[in-house]
Amino acid sequence: MKKRHWTMTPWFIIFASVMMLMAVVSYSYNQILGYIELGISVAAFAVVFVISLRFRTYISNTVKATVEKIKDANPEHLEKYKYPIAVSGQQGDIVWCNARFKKLMCNGRSPIGENINSYLSDMEVSTITDGDGKDIAVNGREFTVYCISAGDGIICQFFENTYYKAIVREYKATLPCVSLIMFDNAEDFTNESDEVYSEVTMLVETTLQKWAAKYNALYKKISSVRYMIIFKDSDVEKMIAEKFQILKDIRSITISQHVATISVGLCRGSKSLKDSEQNARKALEMALGRGGDQVAIIHDNSYEFFGGTAAASEKVSKVRMRVIANAISRAVADCDRVYIMGHRFSDLDSVGAAVGMQCVIEKSFGTYCRIAIDQDNSMAKQLINYVKERLDEDIFISPSEAIRGVTQKTLLLIVDSHLKESLESPQLFEKCKKVIVIDHHRKAVNYIDNALVFCHEPSASSSSEMCSEIISCLDDKPLGYVQADALLAGIMLDTKNFVLKTGVRTFEAAAYLRKKGANTLTVKNLFSDSIDTYKEKVEIVCRAHIYKNCAVSTTTLQTDDIRLASAQAADEMLTLQGVDASFVIFGTNEMMNISARSYGKINVQIIMEKLGGGGHQTMAAVQLKNTTKELAYQQLLSVIDEVLDDSHDN
């Protein structure tokens with residue numbers, strides 16, 4: 001039945017009775033009126049009779065089908081079941097239930113005629129019929145309900161598990177969550193004095209101890225800059241709600257213009273302390289790889305991040321780079337050829353780092369080495385042409401040529417990227433068994449995890465800076481002025497001409513390259529634009545508007561160099577007054593692109609990451625598939641609101 005017409009039976013009976021009484025009264029002074037009212041009352045009684053007959057037939061068929069569905073059962077046996085059972089029609093109207101259902105689900109009243117959906121946490125009974133059980137809550141009790149189709153009806157069986165679910169929740173809430181904490185910029189304070197370093201370390205430890213005591217957690221100091229705290233899972237939920245206030249508390253420790261920061265790796269959901277500690281190490285490594293000053297939570301191999309507003313502190317020691325250089329030497333010695341590859345739409349940093357490494361690998365180690373690159377879609381065409389004109393041999397090949405030359409002993413050196421999906425040729429990566437990664441972008445979750453050497457330094461200004469340091473630790477005699485110019489161009493691009501992310505090691509790398517013959521005037525010419533590119537850049541800047549200190553511009557241009565013009569326009573908009581970050585949206589409906597830049601006050605990497613992209617704190621991008629420019633624009637503004645609100649809270 002559709003709407004439960006039989007629930008109107010009492011009203012028809014009342015109506016018929018009233019009409020019958022009125023007919024008796026009216027007959028004494030108006031016989032015609034009396035007959036009319038008598039006819040209406042008889043018709044009402046007839047409706048009641050028909051509805052009752054249909055209802056009895058409907059109930060009989062439905063319950064009969066239900067009984068046949070349960071072997072060796074009859075209605076008397078169904079009534080004796082110790083768990084709630086209800087039988088509904090195909091439209092969800094309850095036609096029968098046992099006493100247990102009335103007691104537990106209805107507080108003793110009869111639910112006949114009501115819709116069964118109101119007892120299924122408002123789920124449609126038709127959507128869960130003959131499927132797996134669904135968890136519901138009724139009157140403060142928890143059940144798992146199973147709905148089985150039975151002819152014209154549906155049998156709904158409710159198994160109470162309130163106690164067991166409470167036990168499960170309590171178990172999960174008390175699961176130990178290991179957190180590993182690192183005082184990630186302790187080196188900033190070691191250059192002051194022993195007293196200053198001791199004072200800051202003591203303040204950091206005291207703050208962490210208070211944090212642990214607040215949640216009655218176990219605190220343990222592992223080393224001078226590493227700590228372990230074991231929380232309960234329920235306490236982690238509270239910290240998430242507070243967006244990890246501990247990050248802000250630590251940042252309040254400032255001495256000599258240095259701000260203390262910590263990185264936290266926290267594991268949730270592991271059933272043993274050993275697994276929790278191992279996963280916490282992975283999470284801490286991820287937090288450090290993303291620049292520090294943040295919390296990385298790992299749960300079922302997925303990550304959640306909080307914080308990350310401060311810039312990564314520069315690592316002064318070059319010991320790690322010397323170790324990396326030795327590891328690369330051993331890897332090159334064991335291979336028969338080397339291919340170098342960067343990211344799609346390669347820029348000066350990607351190509352510059354590749355050119356520098358190619359020279360040393362081929363001439364110092366005597367190993368065949370080429371750069372796999374799509375020259376037609378590169379944003380560093382001027383650098384590529386500059387290198388081609390001045391070198392005796394062509395060191396650039398297409399990715400398809402490189403794939404054909406891959407052997408079991410081929411080594412792939414990836415520069416300026418650590419993500420498989422952003423590589424120039426993911427197919428080349430898949431075919432090469434040996435991989436080395438050199439990158440400075442903040443680590444993303446889906447990073448390349450099978451590399452022989454993973455050289456990742458988020459505090460470095462550029463991959464060209466990292467490669468310059470590695471080359472200086474190798475036999476660098478073959479490095480000429482062409483390669484030095486290429487490496488310096490990469491550094492100048494990512495530092496905005498030594499304005500952003502420039503540390504001591506950045507200028508040391510530049511001085512080293514200058515010593516090797518790099519010419520700043522020549523490098524400056526590599527940044528020159530064509531008149532068409534310049535016009536496109538100006539048009540994009542003119543279309544910009546300011547939103548919460550962010551310059552946002554969209555363009556409908558689809559020229560060959562629109563990607564380069566958009567990146568340059570994003571850089572140009574940073575020079576506008578009151579602009580802390582800039583965004584340029586360009587592309588087609590099949591693929592929308594957003595190029596993002598900042599001077600560090602706003603972390604554009606976090607913004608792009610929430611849209612599915614990534615990059616660095618001051619330079620990031622994202623590609624949005626199957627969307628429109630208007631939708632991409634709205635998504636960007638929404639994420640800007642979210643990130644800026646979070647940063648204000650922190």
# chains A, B, ... in the order shown; residues from 1 in each chain; ligands from 1
>>> residues_around(residues="segment 415-420 of chain A", least_positions_apart="5", cutoff="7 Å", atoms="only C-alpha atoms", output="count of residues only")
15
>>> select_by_dssp(residues="segment 99-212 of chain A", states="strand (DSSP E)", output="ChimeraX atom specification")
/A:134-138,141-150,153-160,176-183
>>> closest_residue(among="A:Ser468, A:Gln558, A:Asn603, A:Gln617", to="Cys359 of chain A", atoms="only C-alpha atoms")
A:Ser468
>>> closest_residue(among="A:Ile397, A:Ile436, A:Val200, A:Val604", to="Glu187 of chain A", atoms="only C-alpha atoms")
A:Val200
>>> residues_around(residues="segment 102-109 of chain A", least_positions_apart="3", cutoff="12 Å", atoms="only C-alpha atoms", output="number ranges by chain")
A: 79, 82-86, 94, 96-99, 112, 114, 116, 118-121, 136-143, 157-160
>>> residues_around(residues="Ala287 of chain A", least_positions_apart="2", cutoff="10 Å", atoms="only C-alpha atoms", output="PyMOL selection string")
chain A and resi 182+262-266+281-285+289-297+305-308+442-444
>>> write_last_selection(atoms="N, CA and C atoms", output="compact mmCIF listing (two decimals), in the first residue's frame")
# COMPACT_ATOMS: atom_id res chain seq x y z
N MET A 182 60.52 17.11 17.66
CA MET A 182 61.88 17.55 17.44
C MET A 182 61.94 19.07 17.49
N ILE A 262 58.92 23.65 16.61
CA ILE A 262 59.03 22.20 16.76
C ILE A 262 58.29 21.52 15.61
N SER A 263 58.69 20.30 15.35
CA SER A 263 57.97 19.43 14.43
C SER A 263 57.48 18.22 15.20
N VAL A 264 56.24 17.80 14.93
CA VAL A 264 55.63 16.70 15.67
C VAL A 264 55.16 15.64 14.68
N GLY A 265 55.57 14.41 14.91
CA GLY A 265 55.04 13.28 14.16
C GLY A 265 54.20 12.43 15.09
N LEU A 266 52.91 12.25 14.76
CA LEU A 266 51.98 11.58 15.67
C LEU A 266 51.25 10.48 14.92
N ARG A 281 57.64 7.96 13.61
CA ARG A 281 58.90 8.36 12.97
C ARG A 281 58.66 8.79 11.52
N LYS A 282 57.82 8.03 10.81
CA LYS A 282 57.50 8.40 9.43
C LYS A 282 56.79 9.75 9.38
N ALA A 283 55.87 9.97 10.32
CA ALA A 283 55.16 11.24 10.35
C ALA A 283 56.10 12.40 10.67
N LEU A 284 57.04 12.18 11.59
CA LEU A 284 58.00 13.23 11.92
C LEU A 284 58.89 13.55 10.72
N GLU A 285 59.31 12.51 10.02
CA GLU A 285 60.11 12.73 8.81
C GLU A 285 59.33 13.54 7.78
N GLY A 289 60.29 17.17 6.43
CA GLY A 289 60.45 17.32 4.99
C GLY A 289 59.58 18.41 4.41
N ARG A 290 58.55 18.81 5.15
CA ARG A 290 57.67 19.89 4.70
C ARG A 290 58.08 21.24 5.29
N GLY A 291 59.24 21.28 5.93
CA GLY A 291 59.75 22.55 6.42
C GLY A 291 59.67 22.75 7.91
N GLY A 292 59.09 21.81 8.64
CA GLY A 292 59.02 21.94 10.08
C GLY A 292 57.92 22.87 10.55
N ASP A 293 57.91 23.14 11.87
CA ASP A 293 56.91 23.99 12.51
C ASP A 293 55.50 23.49 12.21
N GLN A 294 55.30 22.20 12.32
CA GLN A 294 53.98 21.65 12.05
C GLN A 294 53.82 20.28 12.68
N VAL A 295 52.58 19.83 12.71
CA VAL A 295 52.23 18.50 13.20
C VAL A 295 51.77 17.66 12.03
N ALA A 296 52.34 16.49 11.89
CA ALA A 296 51.92 15.53 10.87
C ALA A 296 51.32 14.32 11.58
N ILE A 297 50.05 14.06 11.32
CA ILE A 297 49.36 12.91 11.92
C ILE A 297 49.18 11.85 10.85
N PHE A 305 47.77 17.42 8.30
CA PHE A 305 48.80 18.37 8.72
C PHE A 305 48.19 19.57 9.41
N PHE A 306 48.92 20.09 10.39
CA PHE A 306 48.52 21.29 11.10
C PHE A 306 49.75 22.18 11.25
N GLY A 307 49.56 23.49 11.08
CA GLY A 307 50.68 24.42 11.22
C GLY A 307 51.41 24.58 9.91
N GLY A 308 52.73 24.74 10.00
CA GLY A 308 53.56 24.91 8.81
C GLY A 308 53.59 26.33 8.31
N ARG A 442 58.80 21.33 -0.52
CA ARG A 442 58.30 20.70 0.70
C ARG A 442 57.69 19.34 0.37
N LYS A 443 57.98 18.38 1.20
CA LYS A 443 57.61 17.00 0.91
C LYS A 443 56.09 16.83 0.89
N ALA A 444 55.62 16.15 -0.13
CA ALA A 444 54.21 15.80 -0.25
C ALA A 444 54.01 14.35 0.17
